[in-house]
Every structure is written in C-alpha cells, then in structure tokens.
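Here is the file input.txt (compact mmCIF, C-alpha atoms).
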# COMPACT_ATOMS: atom_id res chain seq x y z
CA MET A 12 61.09 84.11 52.64
CA LYS A 13 61.37 87.62 54.02
CA LEU A 14 61.00 90.38 51.44
CA ILE A 15 62.46 93.86 51.95
CA ARG A 16 62.82 97.04 49.94
CA PHE A 17 65.86 99.14 50.75
CA GLY A 18 67.49 102.42 49.82
CA GLU A 19 66.65 106.10 49.65
CA ILE A 20 63.04 107.27 49.63
CA GLY A 21 61.66 106.83 46.13
CA LYS A 22 64.67 104.78 45.01
CA GLU A 23 64.10 101.55 46.92
CA LYS A 24 65.31 98.24 45.50
CA PRO A 25 63.88 94.78 46.21
CA GLY A 26 65.82 92.48 48.51
CA VAL A 27 65.52 89.45 50.75
CA ILE A 28 66.62 88.50 54.24
CA ILE A 29 68.43 85.15 54.51
CA ASN A 30 69.84 84.06 57.89
CA ASN A 31 69.46 87.63 59.17
CA GLU A 32 71.55 89.04 56.30
CA TYR A 33 70.25 91.41 53.63
CA PHE A 34 70.67 90.70 49.91
CA ASP A 35 69.89 92.66 46.76
CA VAL A 36 67.63 90.85 44.24
CA SER A 37 67.05 93.78 41.89
CA ASP A 38 68.79 91.85 39.09
CA VAL A 39 65.96 89.30 39.09
CA VAL A 40 62.97 91.30 40.40
CA ALA A 41 61.83 94.73 39.21
CA ASP A 42 59.90 95.49 42.42
CA TYR A 43 57.48 93.95 44.89
CA ASN A 44 54.29 95.20 43.27
CA GLU A 45 51.06 93.95 41.73
CA ASP A 46 52.86 92.41 38.76
CA PHE A 47 55.30 90.56 41.02
CA PHE A 48 52.61 88.93 43.15
CA SER A 49 50.18 88.24 40.29
CA GLU A 50 52.84 86.40 38.29
CA GLY A 51 53.78 83.98 41.06
CA GLY A 52 56.76 86.12 41.96
CA ILE A 53 57.51 84.54 45.33
CA GLU A 54 57.87 81.04 43.87
CA LYS A 55 59.89 82.34 40.90
CA LEU A 56 62.17 84.35 43.18
CA GLU A 57 62.85 81.32 45.37
CA LYS A 58 63.96 79.35 42.30
CA GLU A 59 65.99 82.25 40.88
CA ILE A 60 68.05 82.85 44.00
CA SER A 61 68.55 79.22 45.00
CA GLY A 62 72.28 78.56 44.84
CA THR A 63 72.95 82.04 43.43
CA ASN A 64 75.65 84.31 44.77
CA LEU A 65 73.62 87.31 45.82
CA LYS A 66 74.99 90.77 46.45
CA LYS A 67 75.03 91.44 50.20
CA VAL A 68 73.57 94.72 51.50
CA ASP A 69 74.63 96.57 54.66
CA SER A 70 72.02 95.77 57.31
CA ASN A 71 72.11 99.39 58.45
CA VAL A 72 70.58 100.53 55.16
CA ARG A 73 67.26 102.38 55.28
CA LEU A 74 64.28 100.08 54.75
CA GLY A 75 61.29 101.30 52.80
CA SER A 76 57.82 99.81 52.79
CA PRO A 77 58.37 96.13 51.88
CA LEU A 78 56.05 96.46 48.90
CA ALA A 79 55.58 99.20 46.34
CA ARG A 80 52.44 101.30 46.61
CA PRO A 81 49.49 98.86 46.45
CA SER A 82 46.16 99.54 44.79
CA LYS A 83 44.46 99.44 48.19
CA LEU A 84 45.27 99.68 51.89
CA LEU A 85 42.16 98.41 53.65
CA CYS A 86 41.63 98.38 57.40
CA VAL A 87 39.33 96.49 59.75
CA GLY A 88 38.24 98.67 62.67
CA LEU A 89 37.46 97.63 66.24
CA ASN A 90 38.52 94.03 65.62
CA TYR A 91 39.70 93.31 69.18
CA LEU A 92 37.11 93.12 71.96
CA ASP A 93 39.30 94.94 74.49
CA HIS A 94 39.94 97.85 72.07
CA ALA A 95 36.25 98.26 71.31
CA LYS A 96 35.52 98.36 75.04
CA GLU A 97 38.27 100.88 75.87
CA THR A 98 36.92 103.29 73.23
CA ASN A 99 33.29 102.78 74.37
CA ALA A 100 32.34 101.53 70.92
CA PRO A 101 29.71 98.86 70.27
CA ILE A 102 31.07 95.40 69.47
CA PRO A 103 30.88 94.93 65.68
CA THR A 104 28.56 92.26 64.33
CA GLU A 105 30.30 92.47 60.93
CA PRO A 106 33.76 93.83 60.10
CA ILE A 107 34.03 97.63 60.01
CA LEU A 108 35.98 98.61 56.89
CA PHE A 109 37.79 101.81 55.98
CA PHE A 110 40.63 102.84 53.68
CA LYS A 111 43.94 104.48 54.45
CA SER A 112 45.45 106.57 51.69
CA THR A 113 48.33 104.79 49.98
CA THR A 114 50.25 108.10 50.21
CA ALA A 115 50.40 107.44 53.97
CA ILE A 116 52.71 104.44 53.39
CA VAL A 117 56.32 104.87 54.56
CA GLY A 118 59.19 102.70 55.69
CA PRO A 119 59.13 101.00 59.09
CA ASN A 120 61.60 103.34 60.75
CA ASP A 121 60.77 106.60 58.97
CA ASP A 122 59.69 109.58 61.06
CA LEU A 123 56.06 110.08 62.00
CA ILE A 124 55.00 113.58 60.94
CA ILE A 125 52.28 114.91 63.23
CA PRO A 126 49.82 116.58 60.83
CA LYS A 127 49.28 120.31 60.64
CA GLY A 128 46.72 121.28 63.28
CA SER A 129 46.76 117.88 64.97
CA ARG A 130 46.10 117.58 68.69
CA LYS A 131 45.27 113.87 68.93
CA THR A 132 47.71 111.75 66.93
CA ASP A 133 47.43 108.16 68.20
CA TRP A 134 49.10 104.77 67.66
CA GLU A 135 47.82 101.27 66.77
CA VAL A 136 50.00 98.18 66.31
CA GLU A 137 48.42 95.83 63.76
CA LEU A 138 48.93 92.64 61.78
CA ALA A 139 48.71 93.27 58.03
CA ILE A 140 47.78 90.71 55.37
CA ILE A 141 49.39 90.88 51.91
CA ILE A 142 47.16 89.57 49.12
CA GLY A 143 48.91 87.20 46.71
CA LYS A 144 46.44 86.85 43.84
CA LYS A 145 43.26 88.41 42.52
CA ALA A 146 40.44 87.70 44.96
CA SER A 147 36.72 88.10 44.33
CA TYR A 148 33.92 86.24 46.15
CA VAL A 149 36.41 84.02 47.96
CA ASP A 150 35.16 81.14 50.09
CA GLU A 151 36.40 81.32 53.67
CA ALA A 152 37.72 77.75 53.40
CA ASN A 153 40.01 78.80 50.54
CA ALA A 154 41.02 82.23 51.83
CA TYR A 155 44.61 81.29 52.75
CA ASP A 156 45.24 80.46 49.07
CA TYR A 157 44.92 84.18 48.33
CA ILE A 158 47.42 85.35 50.95
CA ALA A 159 51.08 85.97 50.03
CA GLY A 160 52.25 86.82 53.53
CA TYR A 161 52.06 89.18 56.47
CA CYS A 162 53.78 92.28 57.82
CA LEU A 163 53.82 94.69 60.74
CA HIS A 164 51.80 97.91 60.49
CA ASN A 165 51.26 100.95 62.73
CA ASP A 166 47.82 102.37 61.95
CA TYR A 167 48.44 105.93 63.10
CA SER A 168 45.19 107.84 63.65
CA GLU A 169 44.34 111.46 64.32
CA ARG A 170 41.34 111.08 66.61
CA GLU A 171 39.97 114.61 66.28
CA PHE A 172 40.05 114.36 62.47
CA GLN A 173 38.61 110.85 62.66
CA LEU A 174 35.84 111.28 65.21
CA GLU A 175 35.06 114.97 65.61
CA ARG A 176 35.24 116.44 62.12
CA ASN A 177 32.17 114.73 60.59
CA GLY A 178 32.17 112.08 57.90
CA GLN A 179 34.05 108.81 57.73
CA TRP A 180 37.23 107.71 59.49
CA ALA A 181 39.44 108.30 56.46
CA LYS A 182 40.11 111.92 57.51
CA GLY A 183 42.02 110.74 60.55
CA LYS A 184 43.68 107.71 58.99
CA GLY A 185 45.26 108.77 55.71
CA CYS A 186 47.67 111.54 56.73
CA ASP A 187 51.22 111.42 55.37
CA THR A 188 53.46 108.92 57.27
CA PHE A 189 50.43 107.33 58.99
CA ALA A 190 51.09 103.85 57.54
CA PRO A 191 54.60 102.57 58.26
CA LEU A 192 54.84 98.99 56.94
CA GLY A 193 57.51 96.40 57.62
CA PRO A 194 60.41 95.86 58.21
CA TYR A 195 59.63 92.95 55.87
CA ILE A 196 56.93 90.77 54.40
CA ALA A 197 57.07 87.27 55.84
CA THR A 198 55.66 84.67 53.46
CA LYS A 199 53.05 82.31 54.86
CA ASP A 200 55.54 79.50 55.46
CA GLU A 201 57.46 81.80 57.87
CA ILE A 202 54.47 82.09 60.21
CA GLY A 203 53.25 79.00 62.04
CA ASP A 204 49.83 80.05 63.35
CA VAL A 205 48.83 83.58 62.42
CA HIS A 206 46.24 83.50 65.22
CA GLN A 207 48.82 82.93 67.96
CA LEU A 208 51.08 85.97 67.53
CA ASN A 209 51.93 88.43 70.27
CA LEU A 210 51.85 92.08 69.28
CA TRP A 211 53.07 95.03 71.36
CA LEU A 212 53.80 98.74 71.27
CA THR A 213 55.69 101.16 73.48
CA VAL A 214 55.85 104.95 73.65
CA ASN A 215 59.10 106.33 75.09
CA GLY A 216 59.88 102.87 76.43
CA LYS A 217 56.57 102.38 78.26
CA LYS A 218 54.61 99.36 77.07
CA LEU A 219 51.06 100.42 76.26
CA GLN A 220 49.81 97.67 73.96
CA ASP A 221 50.40 93.99 74.70
CA GLY A 222 48.01 91.68 72.91
CA THR A 223 47.62 88.53 70.84
CA THR A 224 46.03 87.78 67.50
CA ALA A 225 44.16 84.97 69.27
CA ASN A 226 41.75 87.74 70.34
CA LEU A 227 40.75 88.89 66.86
CA ILE A 228 36.96 89.16 66.64
CA PHE A 229 37.05 88.33 62.92
CA ASN A 230 39.96 86.09 62.00
CA VAL A 231 42.27 86.25 59.00
CA PRO A 232 40.46 83.89 56.56
CA PHE A 233 37.09 85.39 57.39
CA ILE A 234 38.40 88.92 56.77
CA VAL A 235 39.71 88.01 53.30
CA HIS A 236 36.48 86.18 52.50
CA TYR A 237 34.30 89.01 53.79
CA ILE A 238 36.04 91.89 52.02
CA SER A 239 36.09 89.97 48.74
CA GLN A 240 32.28 89.94 48.76
CA PHE A 241 32.29 93.73 48.33
CA MET A 242 35.32 94.44 46.13
CA THR A 243 38.04 92.72 44.16
CA LEU A 244 41.33 92.44 46.00
CA LEU A 245 44.38 92.70 43.75
CA PRO A 246 47.81 91.13 44.22
CA GLY A 247 49.86 93.25 46.58
CA ASP A 248 46.84 94.80 48.31
CA VAL A 249 47.18 95.24 52.07
CA ILE A 250 44.53 94.44 54.68
CA THR A 251 45.34 95.52 58.22
CA THR A 252 43.39 93.66 60.86
CA GLY A 253 42.80 95.92 63.87
CA THR A 254 44.55 96.73 67.13
CA PRO A 255 44.34 95.51 70.74
CA ALA A 256 43.70 97.76 73.74
CA GLY A 257 46.20 100.38 74.84
CA VAL A 258 45.80 103.21 72.34
CA GLY A 259 46.05 106.84 73.42
CA LEU A 260 42.29 107.31 73.10
CA GLY A 261 41.78 104.59 75.70
CA GLN A 262 44.28 105.75 78.33
CA LYS A 263 42.97 106.28 81.87
CA PRO A 264 42.10 108.51 83.62
CA GLU A 265 42.39 110.73 80.52
CA PRO A 266 43.38 110.06 76.90
CA TRP A 267 46.79 111.36 75.82
CA TYR A 268 48.47 111.59 72.46
CA LEU A 269 51.81 111.86 70.72
CA LYS A 270 53.93 115.00 70.70
CA PRO A 271 57.14 115.90 68.86
CA GLY A 272 60.09 113.92 70.17
CA ASP A 273 58.07 110.89 71.29
CA VAL A 274 59.46 107.53 70.17
CA VAL A 275 57.08 104.71 69.21
CA GLU A 276 58.36 101.13 68.96
CA LEU A 277 56.27 98.10 68.03
CA GLY A 278 56.52 94.48 66.97
CA ILE A 279 54.77 91.22 66.20
CA ASP A 280 56.12 87.70 66.63
CA GLY A 281 57.83 86.62 63.40
CA LEU A 282 57.28 89.98 61.71
CA GLY A 283 60.05 92.03 63.28
CA THR A 284 59.96 95.45 64.90
CA SER A 285 59.79 99.05 63.79
CA LYS A 286 60.47 102.44 65.36
CA GLN A 287 59.15 105.89 64.55
CA THR A 288 60.11 109.25 66.05
CA ALA A 289 57.35 111.87 66.09
CA LYS A 290 58.19 115.16 64.40
CA ALA A 291 56.15 118.33 64.08
CA TYR A 292 54.77 119.26 60.67
CA THR A 293 56.80 121.93 58.91
CA VAL A 294 56.24 123.59 55.56
Now that the file is in, can you turn its structure into structure tokens?
Amino acid sequence: MKLIRFGEIGKEKPGVIINNEYFDVSDVVADYNEDFFSEGGIEKLEKEISGTNLKKVDSNVRLGSPLARPSKLLCVGLNYLDHAKETNAPIPTEPILFFKSTTAIVGPNDDLIIPKGSRKTDWEVELAIIIGKKASYVDEANAYDYIAGYCLHNDYSEREFQLERNGQWAKGKGCDTFAPLGPYIATKDEIGDVHQLNLWLTVNGKKLQDGTTANLIFNVPFIVHYISQFMTLLPGDVITTGTPAGVGLGQKPEPWYLKPGDVVELGIDGLGTSKQTAKAYTV
C-alpha cells in the first residue's frame, strides 16, 4: 500500500494511492499516527478498503507529510562513504545519531523557508524508515518485523548553525520546513530490496546527488537494531538513514548553498519524488 495525507496545512486527511489514483480513507482511519501503526492499522486498512467504493481525490491536491507528527525523527549521519569523504569527516565506526525537530516536518512539495540569518542552507536526499511497532533491544535478525514502510526525505541542513555555532548538530537540522517527508509511505511489500534503490537530487535542474542505498555503511536492519539499544522506538517514529555525496558542503572547488528562488527536486526508486522551492524567511 501507499499511504498519503492530503489537504490544507493542519487539516490533512488520510488517504491511499491505488493504481496511481488518490482515495480518501478518513471514514475508516482517523490519521496515520502512533495509534494507527501500533494497532495493526495497515493490515486493518487493507481489509477495510478491499472491495469498498472509496471516494476519489483530485491528484492535484496538496500532500502533507504522509504521517502525523511522530514522537521522534531520528537521523543517521555520515552513513555513505562518499559523503563522509567529501565533507572530510572520519568514517564512522558506529552510527552517528542526531534528532531533527518534529516541527521541521512538512509536506513533500511545500516551500523550503531559508532560516533567518542563514548563509549555508544545504540539501540531503535520504531514505526514511517508518517504525511499525514498539521496538526496544531488537535483534538485527528480527529488525524488519518492526518496520512499517519507507518514504522519501530531504534532510535540509544549515551548515553554519550545524558546524560553526558550537554544540550538537541539532541547531542546523531542526529549522522549520527542514524535513519534507513523502509524497507517500510505501509499505514493505511495495519495495523489493531496500538496499538496491537509486536516490537522486537536483538543484535548478542540475543533478548533484546520484547514489544507491547499496552503499549504506550501516544497513537498514542494523540501524533499527542499533538505535533500539539506546531508546525505545514507537510506532510511527521516523529514522532517516543518511545521504550520498553531492551536498552543497561538498561542492568543488568551493561549497555553495541554496538561495531564494532555487528549486530542489529529489526522488528514490519506489518512493516517488518531491519538489521544494526555496523562499526567504519573512516575519
């Protein structure tokens, strides 16, 4: 299944994509949130809508984040060898973890707002994991049992805030609009091999990132296993798995960053595409 949330900001309704058409399922699902995933919502929804005449939705409707605000948005940093090298960072021996604020979450095609005072707003196409059930001290061999599905994520980052303002990375990662998710959540059965997906990103039509999840340093089951040794993951939590080379920080001969009017497009095999237009912060 492909799960979407559609409608005006703050008024999104749950829906599904079937044969490239959008349908409203708000009569059978309250929202795609912790309760939905913890109560076996995907399986129940499949049964509920089987053979049902669903209300069709205009495919031009605004899409919101495909899940309601999760309890956590966790990120794995420097998880592609080529990205670590381009940023002159040491290769991690264990996953580097940081949080993005859940207030950064927006729809896949919403505008990117360059933060007040920002000079180094950067892009990062990433595969995101959606947790399907409560996970604590998970064995790596069983990690897939705790995954509900996957989605596309752009891990926007303000590099000056992140790297030059002291403290942890969260300063440069959690700004408003810095976590567009979607267009949809693809359930596990939609994705053949999660470690053989191409992912790409362009700025103003120029392809800057072109990678594959085959190059993850720490793979999907290990990431779920590893994080669950340090904290409980709740249904609906999001783990985003790192980005390949090609970010603004790594551009040669000099880094360059986003400015108002720039258009960022990105995609991952089986997880759709998204598009954000950079806008200047205004009061």
Write out, as a tab-separated table, each residue of stretch 174-275 of chain A that has an atom at most 12 Å from stretch 115-130 of chain A, together with the closest pair of atoms and their distance in Å to one decimal, counting all atoms listed in the file, rows going by chain and rising number.
residue	atom	partner	partner_atom	distance
A:Glu175	CA	A:Arg130	CA	11.8
A:Arg176	CA	A:Ser129	CA	12.0
A:Ala181	CA	A:Ala115	CA	11.3
A:Lys182	CA	A:Pro126	CA	11.3
A:Gly183	CA	A:Ser129	CA	9.6
A:Lys184	CA	A:Ala115	CA	8.4
A:Gly185	CA	A:Ala115	CA	5.6
A:Cys186	CA	A:Ala115	CA	5.6
A:Asp187	CA	A:Ala115	CA	4.3
A:Thr188	CA	A:Ala115	CA	4.7
A:Phe189	CA	A:Ala115	CA	5.0
A:Ala190	CA	A:Ile116	CA	4.5
A:Pro191	CA	A:Val117	CA	4.7
A:Leu192	CA	A:Pro119	CA	5.2
A:Gly193	CA	A:Pro119	CA	5.1
A:Pro194	CA	A:Pro119	CA	5.4
A:Tyr195	CA	A:Pro119	CA	8.7
A:Ile196	CA	A:Pro119	CA	11.5
A:Val249	CA	A:Ile116	CA	10.8
A:Gly259	CA	A:Arg130	CA	11.7
A:Leu260	CA	A:Arg130	CA	11.8
A:Pro266	CA	A:Arg130	CA	11.5
A:Trp267	CA	A:Arg130	CA	9.5
A:Tyr268	CA	A:Arg130	CA	7.5
A:Leu269	CA	A:Ile125	CA	8.1
A:Lys270	CA	A:Ile125	CA	7.7
A:Pro271	CA	A:Ile125	CA	7.5
A:Gly272	CA	A:Leu123	CA	9.9
A:Asp273	CA	A:Leu123	CA	9.5
A:Val274	CA	A:Leu123	CA	9.2
A:Val275	CA	A:Leu123	CA	9.0
Next, dump the selected residues to file, keeping only C-alpha atoms, as an mmCIF file, keeping the file's coordinate frame.
data_model
loop_
_atom_site.group_PDB
_atom_site.id
_atom_site.type_symbol
_atom_site.label_atom_id
_atom_site.label_comp_id
_atom_site.auth_asym_id
_atom_site.auth_seq_id
_atom_site.Cartn_x
_atom_site.Cartn_y
_atom_site.Cartn_z
ATOM 1 C CA GLU A 175 35.060 114.970 65.610
ATOM 2 C CA ARG A 176 35.240 116.440 62.120
ATOM 3 C CA ALA A 181 39.440 108.300 56.460
ATOM 4 C CA LYS A 182 40.110 111.920 57.510
ATOM 5 C CA GLY A 183 42.020 110.740 60.550
ATOM 6 C CA LYS A 184 43.680 107.710 58.990
ATOM 7 C CA GLY A 185 45.260 108.770 55.710
ATOM 8 C CA CYS A 186 47.670 111.540 56.730
ATOM 9 C CA ASP A 187 51.220 111.420 55.370
ATOM 10 C CA THR A 188 53.460 108.920 57.270
ATOM 11 C CA PHE A 189 50.430 107.330 58.990
ATOM 12 C CA ALA A 190 51.090 103.850 57.540
ATOM 13 C CA PRO A 191 54.600 102.570 58.260
ATOM 14 C CA LEU A 192 54.840 98.990 56.940
ATOM 15 C CA GLY A 193 57.510 96.400 57.620
ATOM 16 C CA PRO A 194 60.410 95.860 58.210
ATOM 17 C CA TYR A 195 59.630 92.950 55.870
ATOM 18 C CA ILE A 196 56.930 90.770 54.400
ATOM 19 C CA VAL A 249 47.180 95.240 52.070
ATOM 20 C CA GLY A 259 46.050 106.840 73.420
ATOM 21 C CA LEU A 260 42.290 107.310 73.100
ATOM 22 C CA PRO A 266 43.380 110.060 76.900
ATOM 23 C CA TRP A 267 46.790 111.360 75.820
ATOM 24 C CA TYR A 268 48.470 111.590 72.460
ATOM 25 C CA LEU A 269 51.810 111.860 70.720
ATOM 26 C CA LYS A 270 53.930 115.000 70.700
ATOM 27 C CA PRO A 271 57.140 115.900 68.860
ATOM 28 C CA GLY A 272 60.090 113.920 70.170
ATOM 29 C CA ASP A 273 58.070 110.890 71.290
ATOM 30 C CA VAL A 274 59.460 107.530 70.170
ATOM 31 C CA VAL A 275 57.080 104.710 69.210
#
Could you give me, as JSON lines, every stretch 62-120 of chain A residue with an atom at most 12 Å from stretch 214-222 of chain A, plus its closest atom pair and distance in Å to one decimal, counting all atoms listed in the file, rows ordered by chain then number?
{"residue": "A:Tyr91", "atom": "CA", "partner": "A:Gly222", "partner_atom": "CA", "distance": 9.3}
{"residue": "A:Leu92", "atom": "CA", "partner": "A:Gly222", "partner_atom": "CA", "distance": 11.0}
{"residue": "A:Asp93", "atom": "CA", "partner": "A:Gly222", "partner_atom": "CA", "distance": 9.4}
{"residue": "A:His94", "atom": "CA", "partner": "A:Gln220", "partner_atom": "CA", "distance": 10.1}
Figure out the distance between atom CA of A:Val258 and atom CA of A:Arg80, please, to one decimal in Å.
-> 26.6 Å
May I have the residues within 9 Å of A:Ile202 as a list in words, using only C-alpha atoms and disregarding those fewer than 5 positions away in the same chain?
->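 Skipping anything fewer than 5 positions along the chain leaves Gly160, Tyr161, Ala197, Leu208, Asp280, Gly281 and Leu282 of chain A.
The residue set within 7 Å of A:Leu138, counting all atoms listed in the file and dropping same-chain residues fewer than 3 places from it, reads Cys162, Leu163, His164, Thr251 and Thr252 of chain A.
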Selection to disk with C-alpha atoms, as a PDB file, in the coordinates of the input:
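What ended up in out-v7.pdb:
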ATOM      1  CA  CYS A 162      53.780  92.280  57.820  1.00  0.00           C
ATOM      2  CA  LEU A 163      53.820  94.690  60.740  1.00  0.00           C
ATOM      3  CA  HIS A 164      51.800  97.910  60.490  1.00  0.00           C
ATOM      4  CA  THR A 251      45.340  95.520  58.220  1.00  0.00           C
ATOM      5  CA  THR A 252      43.390  93.660  60.860  1.00  0.00           C
TER       6      THR A 252
END
Distance criterion (all atoms listed in the file): nearest to A:Ile142 out of A:Asn44, A:Ser285, A:Asn226, A:Thr104 | A:Asn44
